[in-house]
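What follows is a short report on a single structure.
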Amino acid sequence: MKVHHLNCGTMRPWRAPDGLVCHVLLVETDNGLVLIDSGLGLKDAADPAGRFGTARFYVRPAFDTTEAAIRQVTALGYDPQDVRHIVLTHFDADHTGGLADFPWARVHLTTTENRAALHPEGAVERGRYLASHRAHDPLIVPHTLKGGEPWRGFPNAKELTDITAGIVMISLPGHSRGHAAIAVDAGTHWVLHAGDCFYHHGQIDGTDQVPKSLTTMERVIASDWSKVEGNHRRLTQLCAENPPDLLLVNAHDPTLLYRAQNRSTP
C-alpha cells in the first residue's frame with residue numbers, strides 16, 4: 001500500500017521552537033483510501049472555541065484550512081469520496097477535527113476510547129472529548145483489542161481486515177484511556193504511527209533536548225502516567241533496535257514527519 005505523510009494542522013505551543021504538526025497518513029488500498037487520524041478540519045477555523053476548547057490557548061493552532069485533510073486529498077488528485085475509512089489513534093480534537101469533512105467515512109477506534117469519549121470522567125476528559133466532533137453523527141466502528149494478537153512485542157493488536165489486510169491497531173493506552181498505535185504495511189516497510197505515545201523524538205532516541213513545555217503538557221493530560229512511561233520504554237527499545245523494515249512516526253513531531261516525507265519521495 002502506498003502511504004502519504006501529511007501535515008494536517010500546524011500548532012505553535014509556547015517554548016517549543018520547532019512547533020508541532022498533525023501527522024496524518026493517507027493510505028491507498030485496493031478498497032479505497034484510508035486516513036490514519038484526521039488532523040484539523042475545515043470547521044475548526046470557523047469555530048475555534050467550540051471545536052478545540054481552551055487547549056487552543058496553549059498549543060496555538062494555526063487553523064490553516066489549506067492543511068485540512070480533505071483539501072490535501074483533493075490536491076493530490078483523489079476524490080474525497082474515496083476516503084472510506086478513518087482510523088483514529090484516539091479522540092482528541094487535533095486528531096478528529098477532520099472527521100466532519102468526511103461524514104460518509106467509517107471511523108475506527110478502540111472500544112475503550114469510544115466509551116471514554118461518550119462518558120468522560122474528570123476535568124481532563126471533559127475538556128478533551130468535545131461533543132462538537134460527534135455533531136455530524138459519525139459512523140463509529142469500535143474495536144476491542146484486549147486478548148488480541150501480539151505485534152512486534154506489543155501484546156494486544158488486531159488487524160483491521162474489515163478495511164484491508166496490512167492495517168493493524170495496537171493497544172497503547174496511557175495518553176488517553178483507549179489510545180492506540182496504528183501500523184500500516186507500506187510494501188517495503190511498515191509505518192508505525194504511535195499517535196501521542198510520545199511528543200518529541202528526543203524522548204525515545206535521546207538525540208535532542210525535549211522542550212519542557214511539551215513534557216509538562218504530556219504529563220498534565222495523561223490518563224495514566226505509568227502507562228505513558230511504559231510506552232516510552234518500549235518505543236525507546238524499538239528505536240534502539242532500529243529494524244530496517246519499520247518507520248516509526250508519531251502525531252506531532254515535525255522532525256519525524258519530514259524524515260518520513262523524505263523517505264517516501266521517489
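Starting from 1 in every chain, residues are counted up; chains themselves are A, B, ... following the order of the C-alpha cells, and ligands are numbered from 1 as listed.
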Write out as a PyMOL selection string each polymer residue whose atoms come within 8 Å of A:Cys22, counting only C-alpha atoms; drop sequence neighbours fewer than 2 positions from it.
chain A and resi 6-10+20+24+39-40+94-95+251-252
Output C-alpha atoms for every residue in the selection just made, as an mmCIF file, in the first residue's frame.
data_model
loop_
_atom_site.group_PDB
_atom_site.id
_atom_site.type_symbol
_atom_site.label_atom_id
_atom_site.label_comp_id
_atom_site.auth_asym_id
_atom_site.auth_seq_id
_atom_site.Cartn_x
_atom_site.Cartn_y
_atom_site.Cartn_z
ATOM 1 C CA LEU A 6 0.570 14.793 5.517
ATOM 2 C CA ASN A 7 0.660 17.685 7.962
ATOM 3 C CA CYS A 8 -2.998 18.373 8.700
ATOM 4 C CA GLY A 9 -2.548 21.019 11.360
ATOM 5 C CA THR A 10 0.340 23.251 12.417
ATOM 6 C CA LEU A 20 4.014 20.770 16.283
ATOM 7 C CA VAL A 24 -1.851 12.124 9.194
ATOM 8 C CA GLY A 39 -5.972 16.322 11.949
ATOM 9 C CA LEU A 40 -7.731 19.673 11.973
ATOM 10 C CA ASP A 94 -6.455 17.616 16.999
ATOM 11 C CA HIS A 95 -6.972 14.071 15.725
ATOM 12 C CA ALA A 251 1.349 12.537 15.654
ATOM 13 C CA HIS A 252 3.112 15.794 16.381
#
Identify, on the basis of only C-alpha atoms, every residue whose closest approach to A:Glu241 does not exceed 12 Å; exclude the query and any residue fewer than 6 positions from it along the same chain; express the result as a VMD selection string.
chain A and resid 152 204 to 205 234 to 235 247 to 248
Just the selected residues (C-alpha atoms), exported as a CSV table (one decimal), in the first residue's frame, please.
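Saved to part-v3.csv:
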chain,number,residue,atom,x,y,z
A,152,ARG,CA,6.4,-6.8,17.5
A,204,ILE,CA,12.8,7.9,22.6
A,205,ASP,CA,16.1,8.4,20.7
A,234,ARG,CA,9.1,0.0,24.8
A,235,LEU,CA,9.4,2.6,22.0
A,247,LEU,CA,9.4,3.5,10.1
A,248,LEU,CA,8.4,4.9,13.5
Please report, as a tab-separated table, each residue of stretch 123-203 of chain A lying at most 10 Å from stretch 52-72 of chain A, together with the nearest pair of atoms and the separation in Å rounded to one decimal; use only C-alpha atoms, and order rows by chain and ascending residue number.
residue	atom	partner	partner_atom	distance
A:Gly127	CA	A:Gly53	CA	7.0
A:Arg128	CA	A:Gly53	CA	8.0
A:Tyr129	CA	A:Phe52	CA	9.5
A:Leu130	CA	A:Phe52	CA	7.7
A:Ser132	CA	A:Phe52	CA	9.1
A:His133	CA	A:Phe52	CA	9.4
Can you write out the residues you just picked, keeping all heavy atoms, as a PDB file, in the first residue's frame?
ATOM      1  N   GLY A 127     -12.599  17.987  29.026  1.00  0.00           N
ATOM      2  CA  GLY A 127     -12.005  19.017  28.183  1.00  0.00           C
ATOM      3  C   GLY A 127     -11.506  18.484  26.854  1.00  0.00           C
ATOM      4  O   GLY A 127     -11.484  19.218  25.855  1.00  0.00           O
ATOM      5  N   ARG A 128     -11.126  17.202  26.816  1.00  0.00           N
ATOM      6  CA  ARG A 128     -10.525  16.671  25.588  1.00  0.00           C
ATOM      7  C   ARG A 128     -11.550  16.085  24.628  1.00  0.00           C
ATOM      8  O   ARG A 128     -11.336  16.070  23.422  1.00  0.00           O
ATOM      9  CB  ARG A 128      -9.451  15.646  25.935  1.00  0.00           C
ATOM     10  CG  ARG A 128      -9.971  14.264  26.301  1.00  0.00           C
ATOM     11  CD  ARG A 128      -8.916  13.348  26.907  1.00  0.00           C
ATOM     12  NE  ARG A 128      -7.647  13.343  26.193  1.00  0.00           N
ATOM     13  CZ  ARG A 128      -6.521  12.804  26.689  1.00  0.00           C
ATOM     14  NH1 ARG A 128      -6.544  12.237  27.885  1.00  0.00           N
ATOM     15  NH2 ARG A 128      -5.416  12.828  25.994  1.00  0.00           N
ATOM     16  N   TYR A 129     -12.667  15.568  25.161  1.00  0.00           N
ATOM     17  CA  TYR A 129     -13.654  14.920  24.302  1.00  0.00           C
ATOM     18  C   TYR A 129     -14.811  15.888  24.044  1.00  0.00           C
ATOM     19  O   TYR A 129     -15.694  16.049  24.884  1.00  0.00           O
ATOM     20  CB  TYR A 129     -14.154  13.635  24.945  1.00  0.00           C
ATOM     21  CG  TYR A 129     -13.083  12.594  25.151  1.00  0.00           C
ATOM     22  CD1 TYR A 129     -12.897  11.985  26.390  1.00  0.00           C
ATOM     23  CD2 TYR A 129     -12.242  12.211  24.108  1.00  0.00           C
ATOM     24  CE1 TYR A 129     -11.919  11.013  26.586  1.00  0.00           C
ATOM     25  CE2 TYR A 129     -11.258  11.254  24.283  1.00  0.00           C
ATOM     26  CZ  TYR A 129     -11.100  10.655  25.526  1.00  0.00           C
ATOM     27  OH  TYR A 129     -10.128   9.702  25.703  1.00  0.00           O
ATOM     28  N   LEU A 130     -14.764  16.539  22.902  1.00  0.00           N
ATOM     29  CA  LEU A 130     -15.709  17.602  22.601  1.00  0.00           C
ATOM     30  C   LEU A 130     -16.892  17.075  21.803  1.00  0.00           C
ATOM     31  O   LEU A 130     -16.719  16.400  20.775  1.00  0.00           O
ATOM     32  CB  LEU A 130     -15.006  18.715  21.815  1.00  0.00           C
ATOM     33  CG  LEU A 130     -13.774  19.329  22.505  1.00  0.00           C
ATOM     34  CD1 LEU A 130     -13.141  20.385  21.611  1.00  0.00           C
ATOM     35  CD2 LEU A 130     -14.165  19.947  23.854  1.00  0.00           C
ATOM     36  N   SER A 132     -18.797  18.550  19.872  1.00  0.00           N
ATOM     37  CA  SER A 132     -18.874  19.106  18.521  1.00  0.00           C
ATOM     38  C   SER A 132     -18.289  18.152  17.472  1.00  0.00           C
ATOM     39  O   SER A 132     -18.677  18.199  16.296  1.00  0.00           O
ATOM     40  CB  SER A 132     -18.132  20.448  18.466  1.00  0.00           C
ATOM     41  OG  SER A 132     -16.774  20.298  18.865  1.00  0.00           O
ATOM     42  N   HIS A 133     -17.400  17.275  17.881  1.00  0.00           N
ATOM     43  CA  HIS A 133     -16.766  16.370  16.926  1.00  0.00           C
ATOM     44  C   HIS A 133     -17.617  15.147  16.623  1.00  0.00           C
ATOM     45  O   HIS A 133     -17.269  14.342  15.751  1.00  0.00           O
ATOM     46  CB  HIS A 133     -15.382  15.965  17.444  1.00  0.00           C
ATOM     47  CG  HIS A 133     -14.398  17.080  17.376  1.00  0.00           C
ATOM     48  ND1 HIS A 133     -13.264  17.044  16.614  1.00  0.00           N
ATOM     49  CD2 HIS A 133     -14.389  18.313  17.961  1.00  0.00           C
ATOM     50  CE1 HIS A 133     -12.609  18.184  16.733  1.00  0.00           C
ATOM     51  NE2 HIS A 133     -13.274  18.967  17.549  1.00  0.00           N
TER      52      HIS A 133
END
Just list as a VMD selection string whatever in stretch 12-195 of chain A DSSP marks as alpha helix (DSSP H). chain A and resid 42 to 46 48 to 52 56 to 59 69 to 75 93 to 96 111 to 118 122 to 128
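Picture a line from atom CA of A:Ala105 to atom CA of A:Val141; it runs 10.3 Å.
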Backbone DSSP call of strand (DSSP E) for stretch 95-245 of chain A, listed as number ranges by chain:
A: 106-110, 139-143, 149-151, 154-159, 167-171, 180-185, 190-193
